[in-house]
Amino acid sequence: MRVLVDRHWPRGLAREGLITDLWLKEVAPSTRLQSWYGSDPSRWPAFSLRYRAEIQLHEDLLDLLVELRTRGQLTLLCDASDILHSHCVVLRDTIIERRFSRRIRKGAQP
């Protein structure tokens, strides 16, 4: 499952040029947060915290992503020049944590 998690379609890329199964604009950082961050690595720790707070407002979409991950490979797609400091990293970690905590609540082994 390939999910685009950007608020806007990647610049310079035709819709036919990206193989994606789903586009979840709502889990991308808000325009205001993304503008503040500006891909500045010195703001990464604060950005990560603020973005985590934002995505917690989308419980239904996080649950969907966790469910998709339990069904098989999940690839998060985003338009970032520095993937290590992109929102995809924070979203990936949130999905993993959420999936793990769900298993613990159900009494399953991690």
# chains A, B, ... in the order shown; residues from 1 in each chain; ligands from 1

$ residues_around --residues "range 65-68 of chain A" --least-positions-apart "2" --cutoff "6 Å" --atoms "only C-alpha atoms" --output "list in words"
Leu62, Asp63, Thr70, Arg71, Ile95 and Arg99 of chain A

$ select_by_dssp --residues "chain A" --states "strand (DSSP E or B)" --output "PyMOL selection string"
chain A and resi 2-4+22-23+75-77

$ residues_around --residues "range 1-18 of chain A" --least-positions-apart "3" --cutoff "12 Å" --atoms "only C-alpha atoms" --output "ChimeraX atom specification"
/A:21-34,55,61-62,64-81,86-92

$ closest_residue --among "A:Leu84, A:Thr20, A:Thr94, A:Ser39" --to "Ala53 in chain A" --atoms "only C-alpha atoms"
A:Thr94

$ select_by_dssp --residues "chain A" --states "helix (DSSP H, G or I)" --output "ChimeraX atom specification"
/A:15-17,25-27,31-37,41-55,59-71,83-85,87-105

$ closest_residue --among "A:Ser101, A:Asp93, A:Asp82, A:Leu57" --to "Asp40 in chain A" --atoms "only C-alpha atoms"
A:Asp82

$ decode --residues "range 60-109 of chain A" --atoms "N, CA and C atoms" --output "short mmCIF file (atom, residue, chain, number, x, y, z; two decimals), in the first residue's frame"
data_model
loop_
_atom_site.label_atom_id
_atom_site.label_comp_id
_atom_site.auth_asym_id
_atom_site.auth_seq_id
_atom_site.Cartn_x
_atom_site.Cartn_y
_atom_site.Cartn_z
N ASP A 60 -8.93 8.89 13.51
CA ASP A 60 -9.49 7.98 12.52
C ASP A 60 -8.49 7.66 11.41
N LEU A 61 -7.75 8.65 10.97
CA LEU A 61 -6.77 8.43 9.91
C LEU A 61 -5.56 7.66 10.42
N LEU A 62 -5.17 7.92 11.65
CA LEU A 62 -4.08 7.15 12.25
C LEU A 62 -4.49 5.68 12.39
N ASP A 63 -5.73 5.46 12.82
CA ASP A 63 -6.22 4.08 12.93
C ASP A 63 -6.24 3.40 11.55
N LEU A 64 -6.62 4.15 10.53
CA LEU A 64 -6.62 3.61 9.17
C LEU A 64 -5.20 3.21 8.76
N LEU A 65 -4.24 4.07 9.01
CA LEU A 65 -2.85 3.76 8.65
C LEU A 65 -2.33 2.56 9.42
N VAL A 66 -2.68 2.46 10.69
CA VAL A 66 -2.28 1.29 11.49
C VAL A 66 -2.90 0.03 10.90
N GLU A 67 -4.16 0.11 10.55
CA GLU A 67 -4.85 -1.04 9.96
C GLU A 67 -4.21 -1.45 8.64
N LEU A 68 -3.89 -0.48 7.80
CA LEU A 68 -3.23 -0.78 6.53
C LEU A 68 -1.89 -1.45 6.77
N ARG A 69 -1.18 -1.01 7.80
CA ARG A 69 0.13 -1.60 8.11
C ARG A 69 -0.02 -3.04 8.59
N THR A 70 -1.08 -3.33 9.33
CA THR A 70 -1.26 -4.70 9.80
C THR A 70 -1.58 -5.65 8.65
N ARG A 71 -2.08 -5.12 7.55
CA ARG A 71 -2.42 -5.95 6.39
C ARG A 71 -1.23 -6.23 5.48
N GLY A 72 -0.15 -5.49 5.65
CA GLY A 72 1.01 -5.70 4.80
C GLY A 72 1.91 -4.48 4.79
N GLN A 73 2.77 -4.43 3.78
CA GLN A 73 3.72 -3.32 3.68
C GLN A 73 2.99 -2.01 3.44
N LEU A 74 3.40 -0.99 4.17
CA LEU A 74 2.85 0.35 4.02
C LEU A 74 3.99 1.29 3.69
N THR A 75 3.88 1.99 2.57
CA THR A 75 4.89 2.95 2.15
C THR A 75 4.29 4.35 2.21
N LEU A 76 4.91 5.21 3.00
CA LEU A 76 4.47 6.60 3.10
C LEU A 76 5.26 7.41 2.09
N LEU A 77 4.56 8.15 1.26
CA LEU A 77 5.19 8.96 0.22
C LEU A 77 5.05 10.44 0.57
N CYS A 78 6.15 11.18 0.38
CA CYS A 78 6.10 12.62 0.58
C CYS A 78 7.15 13.28 -0.29
N ASP A 79 6.96 14.55 -0.54
CA ASP A 79 7.88 15.34 -1.35
C ASP A 79 8.81 16.08 -0.39
N ALA A 80 9.99 15.49 -0.14
CA ALA A 80 10.93 16.09 0.81
C ALA A 80 12.34 15.95 0.28
N SER A 81 13.10 17.01 0.40
CA SER A 81 14.50 16.95 -0.02
C SER A 81 15.36 16.29 1.05
N ASP A 82 14.95 16.37 2.31
CA ASP A 82 15.67 15.75 3.42
C ASP A 82 14.71 14.79 4.11
N ILE A 83 14.69 13.56 3.65
CA ILE A 83 13.72 12.59 4.15
C ILE A 83 13.89 12.29 5.63
N LEU A 84 15.12 12.40 6.14
CA LEU A 84 15.36 12.12 7.56
C LEU A 84 14.74 13.17 8.48
N HIS A 85 14.49 14.36 7.94
CA HIS A 85 13.86 15.43 8.71
C HIS A 85 12.50 15.80 8.11
N SER A 86 11.80 14.81 7.59
CA SER A 86 10.49 15.06 7.01
C SER A 86 9.39 14.55 7.95
N HIS A 87 8.20 15.01 7.70
CA HIS A 87 7.08 14.59 8.54
C HIS A 87 6.80 13.09 8.42
N CYS A 88 7.24 12.47 7.33
CA CYS A 88 7.03 11.02 7.16
C CYS A 88 7.70 10.24 8.28
N VAL A 89 8.83 10.70 8.76
CA VAL A 89 9.53 10.03 9.85
C VAL A 89 8.69 10.06 11.13
N VAL A 90 8.14 11.21 11.42
CA VAL A 90 7.30 11.36 12.61
C VAL A 90 6.03 10.52 12.47
N LEU A 91 5.43 10.57 11.29
CA LEU A 91 4.22 9.79 11.05
C LEU A 91 4.49 8.30 11.16
N ARG A 92 5.59 7.85 10.56
CA ARG A 92 5.98 6.43 10.66
C ARG A 92 6.13 6.01 12.12
N ASP A 93 6.85 6.80 12.89
CA ASP A 93 7.07 6.47 14.30
C ASP A 93 5.75 6.43 15.07
N THR A 94 4.87 7.35 14.75
CA THR A 94 3.56 7.39 15.42
C THR A 94 2.75 6.15 15.09
N ILE A 95 2.79 5.71 13.84
CA ILE A 95 2.06 4.51 13.42
C ILE A 95 2.62 3.29 14.16
N ILE A 96 3.94 3.18 14.23
CA ILE A 96 4.57 2.06 14.92
C ILE A 96 4.18 2.05 16.40
N GLU A 97 4.27 3.20 17.04
CA GLU A 97 3.93 3.30 18.46
C GLU A 97 2.47 2.96 18.70
N ARG A 98 1.62 3.45 17.84
CA ARG A 98 0.18 3.22 17.97
C ARG A 98 -0.15 1.74 17.77
N ARG A 99 0.49 1.14 16.81
CA ARG A 99 0.26 -0.28 16.54
C ARG A 99 0.74 -1.11 17.73
N PHE A 100 1.90 -0.77 18.26
CA PHE A 100 2.45 -1.48 19.40
C PHE A 100 1.53 -1.35 20.62
N SER A 101 1.08 -0.13 20.89
CA SER A 101 0.22 0.08 22.07
C SER A 101 -1.12 -0.62 21.90
N ARG A 102 -1.61 -0.71 20.67
CA ARG A 102 -2.87 -1.42 20.40
C ARG A 102 -2.71 -2.90 20.73
N ARG A 103 -1.56 -3.46 20.36
CA ARG A 103 -1.30 -4.88 20.63
C ARG A 103 -1.21 -5.12 22.13
N ILE A 104 -0.59 -4.20 22.85
CA ILE A 104 -0.45 -4.34 24.30
C ILE A 104 -1.84 -4.31 24.95
N ARG A 105 -2.68 -3.37 24.51
CA ARG A 105 -4.04 -3.26 25.07
C ARG A 105 -4.84 -4.53 24.84
N LYS A 106 -4.62 -5.18 23.70
CA LYS A 106 -5.36 -6.42 23.39
C LYS A 106 -4.74 -7.64 24.06
N GLY A 107 -3.59 -7.44 24.72
CA GLY A 107 -2.95 -8.54 25.42
C GLY A 107 -2.07 -9.40 24.54
N ALA A 108 -1.80 -8.97 23.34
CA ALA A 108 -0.95 -9.73 22.42
C ALA A 108 0.51 -9.49 22.74
N GLN A 109 1.33 -10.41 22.32
CA GLN A 109 2.77 -10.25 22.47
C GLN A 109 3.27 -9.27 21.41
#
